[in-house]
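Visitor: If you scroll down you'll find the structure; I have some questions about it.
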Amino acid sequence: MKEPSGIVITHLLTGWITLNKSVVIQGGSGTLRLPVYAHHISHPKGELLFDSGLPQAFEDKNNQRRENRSFRFDGVKNIVTCLEEAHLDPNRIQKVVTSHFHFDHAGGNSLLKNATVIVQEKELEATRIPEFVEKSGYNTMDLVPEHNYQVINGEFDIFNDGSLVCLPTHGHTAGHQSLQILTGKEKMVLASDACQIKQILNDEFLQAPSFDQELQLESLKKLQKLQALGFVIVPGHEPLGN
Ligand SMILES: [Zn+2]
C-alpha cells in the first residue's frame, strides 16, 4: 500500500507452519496451520524488513533440522526469493528489525548479512544465556555472529520522524518487540508473536503461556490500548489474504 508519507508496506508470505493448537491457544487441542510472514517496508530514507521468515534450509523437505521439530512446514520460500518475487531487491535492505529470535521470525537473517539487525538488548542478551535459550526455544543457528547488530533498549524511532517505531512487547521471549507504523493516513502495529492470531487480541486469556506470562499479558494489553486508539494491529500469524 502506498501512503502519502512515501512509505510502502509489502507483506511477504515465507511459508506455512502446522503446529499443535496448544502452542498458541491455552489448552487448545488439534492443530493449526498458520502463515509465516516477513514485512518489507520502503521508507524515503531506506528499505527495511520487519522479521525475515523461515530458514532457507527449511525449503528442503528432507532437512534434518526441520524434521526434528514438532512442527510441519509447507510452501517454504526463503526471504531472498520472496523479495525477488515481489520485485524487491534484497541488496537494498539496509536494516532488519528482528521481533525475536525464533526460527520463523529470524530464520532469513543469515541471507541478509549486509543489513544491520535492530534488536532489543534483552533479546540479544537472552540468546547468550543457555538457560534462556532452552526456555525461550531459540535456535542459535539463526544467530549470525558477523551481523552488525544495532542494539536498542525500549522504544526506538528508526528514522527519527515518528513513522517507524520499535515498541518493546516483551513476554513471548525476553526482549520481543513489535513495530509501530505511522504514516500520514495509516496507523498500524506489526505485532509479531506478541499477538500471534486475531482471536487472542479479543480475548487475552486465550494466549498460551510463553517465556514470561505476566509480561506477555502486559504487552497484549498495550496492543489492545493501541487498537482502541485507532491502530490496526497485525497479528504475527493471521492470514493476510495473500
Ligand atoms: Zn515466537
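If you're wondering about the labels, chains in the C-alpha cells are A, B, ... by order shown, residues count from 1 in each chain, ligands from 1 in order shown.
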Per residue of chain A within 9 Å of ligand 1, which atom pair is closest and at what distance in Å (one decimal), using only C-alpha atoms and all ligand atoms, listed by chain and increasing number, as CSV?
Guide:
residue,atom,partner,partner_atom_place_in_ligand_line,distance
A:Ser99,CA,ligand 1,1 (Zn),8.5
A:His100,CA,ligand 1,1 (Zn),6.7
A:Phe101,CA,ligand 1,1 (Zn),7.4
A:His102,CA,ligand 1,1 (Zn),5.0
A:Phe103,CA,ligand 1,1 (Zn),7.8
A:Asp104,CA,ligand 1,1 (Zn),7.2
A:His105,CA,ligand 1,1 (Zn),7.0
A:Ser136,CA,ligand 1,1 (Zn),8.5
A:Gly137,CA,ligand 1,1 (Zn),8.4
A:Tyr138,CA,ligand 1,1 (Zn),8.8
A:His172,CA,ligand 1,1 (Zn),6.5
A:Thr173,CA,ligand 1,1 (Zn),7.2
A:His176,CA,ligand 1,1 (Zn),8.5
A:Ser192,CA,ligand 1,1 (Zn),7.7
A:Asp193,CA,ligand 1,1 (Zn),5.2
A:Ala194,CA,ligand 1,1 (Zn),8.2
A:Gln196,CA,ligand 1,1 (Zn),8.3
A:Ser210,CA,ligand 1,1 (Zn),8.9
A:Gly236,CA,ligand 1,1 (Zn),8.8
Visitor: Wanna dump the segment 103-186 of chain A-segment 39-58 of chain A contacts at 12 Å for me, each residue with its shortest atom pair and the distance in Å to one decimal, counting only C-alpha atoms, ordered by chain and number, as CSV?
Guide:
residue,atom,partner,partner_atom,distance
A:Phe103,CA,A:Leu54,CA,6.2
A:Asp104,CA,A:Leu54,CA,4.5
A:His105,CA,A:Gly53,CA,4.8
A:Ala106,CA,A:Ser52,CA,5.3
A:Gly107,CA,A:Pro55,CA,3.9
A:Gly108,CA,A:Ser52,CA,4.6
A:Asn109,CA,A:Ser52,CA,5.9
A:Ser110,CA,A:Pro55,CA,8.1
A:Leu111,CA,A:Gln56,CA,8.2
A:Leu112,CA,A:Ser52,CA,8.9
A:Lys113,CA,A:Ser52,CA,11.9
A:Asn114,CA,A:Leu48,CA,11.8
A:Ala115,CA,A:Leu48,CA,8.6
A:Thr116,CA,A:Leu48,CA,9.4
A:Val117,CA,A:Leu49,CA,9.5
A:Ile118,CA,A:Phe50,CA,9.4
A:Val119,CA,A:Asp51,CA,10.5
A:Asn139,CA,A:Pro55,CA,10.8
A:Met141,CA,A:Pro55,CA,9.3
A:Asp142,CA,A:Pro55,CA,7.6
A:Leu143,CA,A:Pro55,CA,11.1
A:Ile158,CA,A:Lys45,CA,10.1
A:Phe159,CA,A:Lys45,CA,7.4
A:Asn160,CA,A:Lys45,CA,10.5
A:Asp161,CA,A:Lys45,CA,10.4
A:Gly162,CA,A:His43,CA,11.9
A:Ser163,CA,A:His43,CA,8.9
A:Leu164,CA,A:His43,CA,9.0
A:Val165,CA,A:Phe50,CA,11.3
A:Cys166,CA,A:Phe50,CA,9.9
A:His176,CA,A:Asp51,CA,11.5
A:Gln177,CA,A:Phe50,CA,10.2
A:Ser178,CA,A:Phe50,CA,8.7
A:Leu179,CA,A:Phe50,CA,7.6
A:Gln180,CA,A:Phe50,CA,10.7
A:Ile181,CA,A:Ile41,CA,9.7
A:Leu182,CA,A:His43,CA,11.4
A:Thr183,CA,A:His43,CA,10.2
Visitor: Write out as a list of chain:residue names which residues come within 10 Å of Phe73 of chain A when counting only C-alpha atoms, dropping same-chain ones fewer than 2 positions away.
Guide: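 Returned residues: A:Gly15, A:Trp16, A:Ile17, A:Thr18, A:Leu19, A:Arg33, A:Leu34, A:Pro35, A:Val36, A:Leu54, A:Phe58, A:Glu59, A:Lys61, A:Arg66, A:Glu67, A:Phe71, A:Gly75, A:Val76.
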Visitor: Which of these residues is nearest to Val24 of chain A, using only C-alpha atoms: A:Lys225, A:Lys198, A:Arg72, A:Lys135?
Guide: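 With only C-alpha atoms as the atom set, the closest residue is A:Lys198.
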Visitor: Could you pull out the strand (DSSP E) residues of segment 154-234 of chain A from DSSP and send them as a list in words?
Guide: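 Strand (DSSP E) members of segment 154-234 of chain A, listed: Phe156, Asp157, Leu164, Val165, Cys166, Leu167, Pro168, Gln177, Ser178, Leu179, Gln180, Ile181, Leu182, Lys187, Met188, Val189, Leu190, Ala191, Ser192, Val232, Ile233 and Val234 of chain A.
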Visitor: If you keep C-alpha atoms, can you produce a file of those selected residues as a PDB file, in the first residue's frame?
Guide:
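The resulting selection18.pdb:
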ATOM      1  CA  PHE A 156      13.255   3.346  19.214  1.00  0.00           C
ATOM      2  CA  ASP A 157      12.331   5.713  16.385  1.00  0.00           C
ATOM      3  CA  LEU A 164       8.566   3.596  12.273  1.00  0.00           C
ATOM      4  CA  VAL A 165       8.967   2.977  15.982  1.00  0.00           C
ATOM      5  CA  CYS A 166      10.149  -0.245  17.639  1.00  0.00           C
ATOM      6  CA  LEU A 167       7.873  -0.981  20.583  1.00  0.00           C
ATOM      7  CA  PRO A 168       9.011  -3.312  23.357  1.00  0.00           C
ATOM      8  CA  GLN A 177       9.427  -6.177  20.067  1.00  0.00           C
ATOM      9  CA  SER A 178       6.719  -5.020  17.669  1.00  0.00           C
ATOM     10  CA  LEU A 179       6.820  -2.258  15.060  1.00  0.00           C
ATOM     11  CA  GLN A 180       4.517   0.749  15.126  1.00  0.00           C
ATOM     12  CA  ILE A 181       3.965   2.328  11.720  1.00  0.00           C
ATOM     13  CA  LEU A 182       2.561   5.804  11.471  1.00  0.00           C
ATOM     14  CA  LYS A 187      -1.745   3.730  11.965  1.00  0.00           C
ATOM     15  CA  MET A 188      -0.572   0.151  12.239  1.00  0.00           C
ATOM     16  CA  VAL A 189       1.342  -2.157  14.562  1.00  0.00           C
ATOM     17  CA  LEU A 190       3.081  -5.262  13.253  1.00  0.00           C
ATOM     18  CA  ALA A 191       2.686  -7.291  16.434  1.00  0.00           C
ATOM     19  CA  SER A 192       4.651 -10.435  15.546  1.00  0.00           C
ATOM     20  CA  VAL A 232      -4.657  -1.616  13.096  1.00  0.00           C
ATOM     21  CA  ILE A 233      -2.941  -4.486  14.907  1.00  0.00           C
ATOM     22  CA  VAL A 234      -1.443  -7.007  12.502  1.00  0.00           C
TER      23      VAL A 234
END
Visitor: Pick the closest to Lys122 of chain A from A:Pro235, A:Gly175, A:Pro209, A:Gly230: which is it, counting only C-alpha atoms?
Guide: A:Gly175
Visitor: Would you give me, as a VMD selection string, the residues in segment 134-230 of chain A that DSSP reads as alpha helix (DSSP H)?
Guide: chain A and resid 134 to 136 198 to 202 213 to 228
Visitor: So that each row is one residue of segment 115-179 of chain A with an atom at most 6 Å from segment 213-223 of chain A, can you give its shortest atom pair and the distance in Å to one decimal, using only C-alpha atoms, rows by chain and rising number, as a Markdown table?
Guide:
| residue | atom | partner | partner_atom | distance |
| --- | --- | --- | --- | --- |
| A:Thr169 | CA | A:Ser219 | CA | 4.8 |
| A:His170 | CA | A:Leu215 | CA | 6.0 |
| A:Gly171 | CA | A:Gln216 | CA | 3.8 |
| A:His172 | CA | A:Gln216 | CA | 5.7 |
Visitor: Compare A:Glu85, A:Thr127, A:Gly30, A:Asn63 by their minimum atom-to-atom distance to His11 of chain A, counting only C-alpha atoms, and give me the closest one.
Guide: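 When distances to His11 of chain A are compared using only C-alpha atoms, the smallest one comes from A:Glu85.
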Visitor: Kindly indicate which residue among A:Ala174, A:Thr31, A:Leu201, A:Lys95 lies nearest to Leu124 of chain A, using only C-alpha atoms for the distances.
Guide: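 Of A:Ala174, A:Thr31, A:Leu201, A:Lys95, the one nearest Leu124 of chain A is A:Ala174, counting only C-alpha atoms.
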Visitor: Quote the spacing between atom CA of Gly154 of chain A and atom CA of Glu123 of chain A in Å to one decimal place.
Guide: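 So the answer is 11.2 Å.
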Visitor: Quick one: pull the distance between atom CA of Asn148 of chain A and atom CA of Phe211 of chain A, Å, one decimal.
Guide: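 These two atoms are separated by 26.0 Å.
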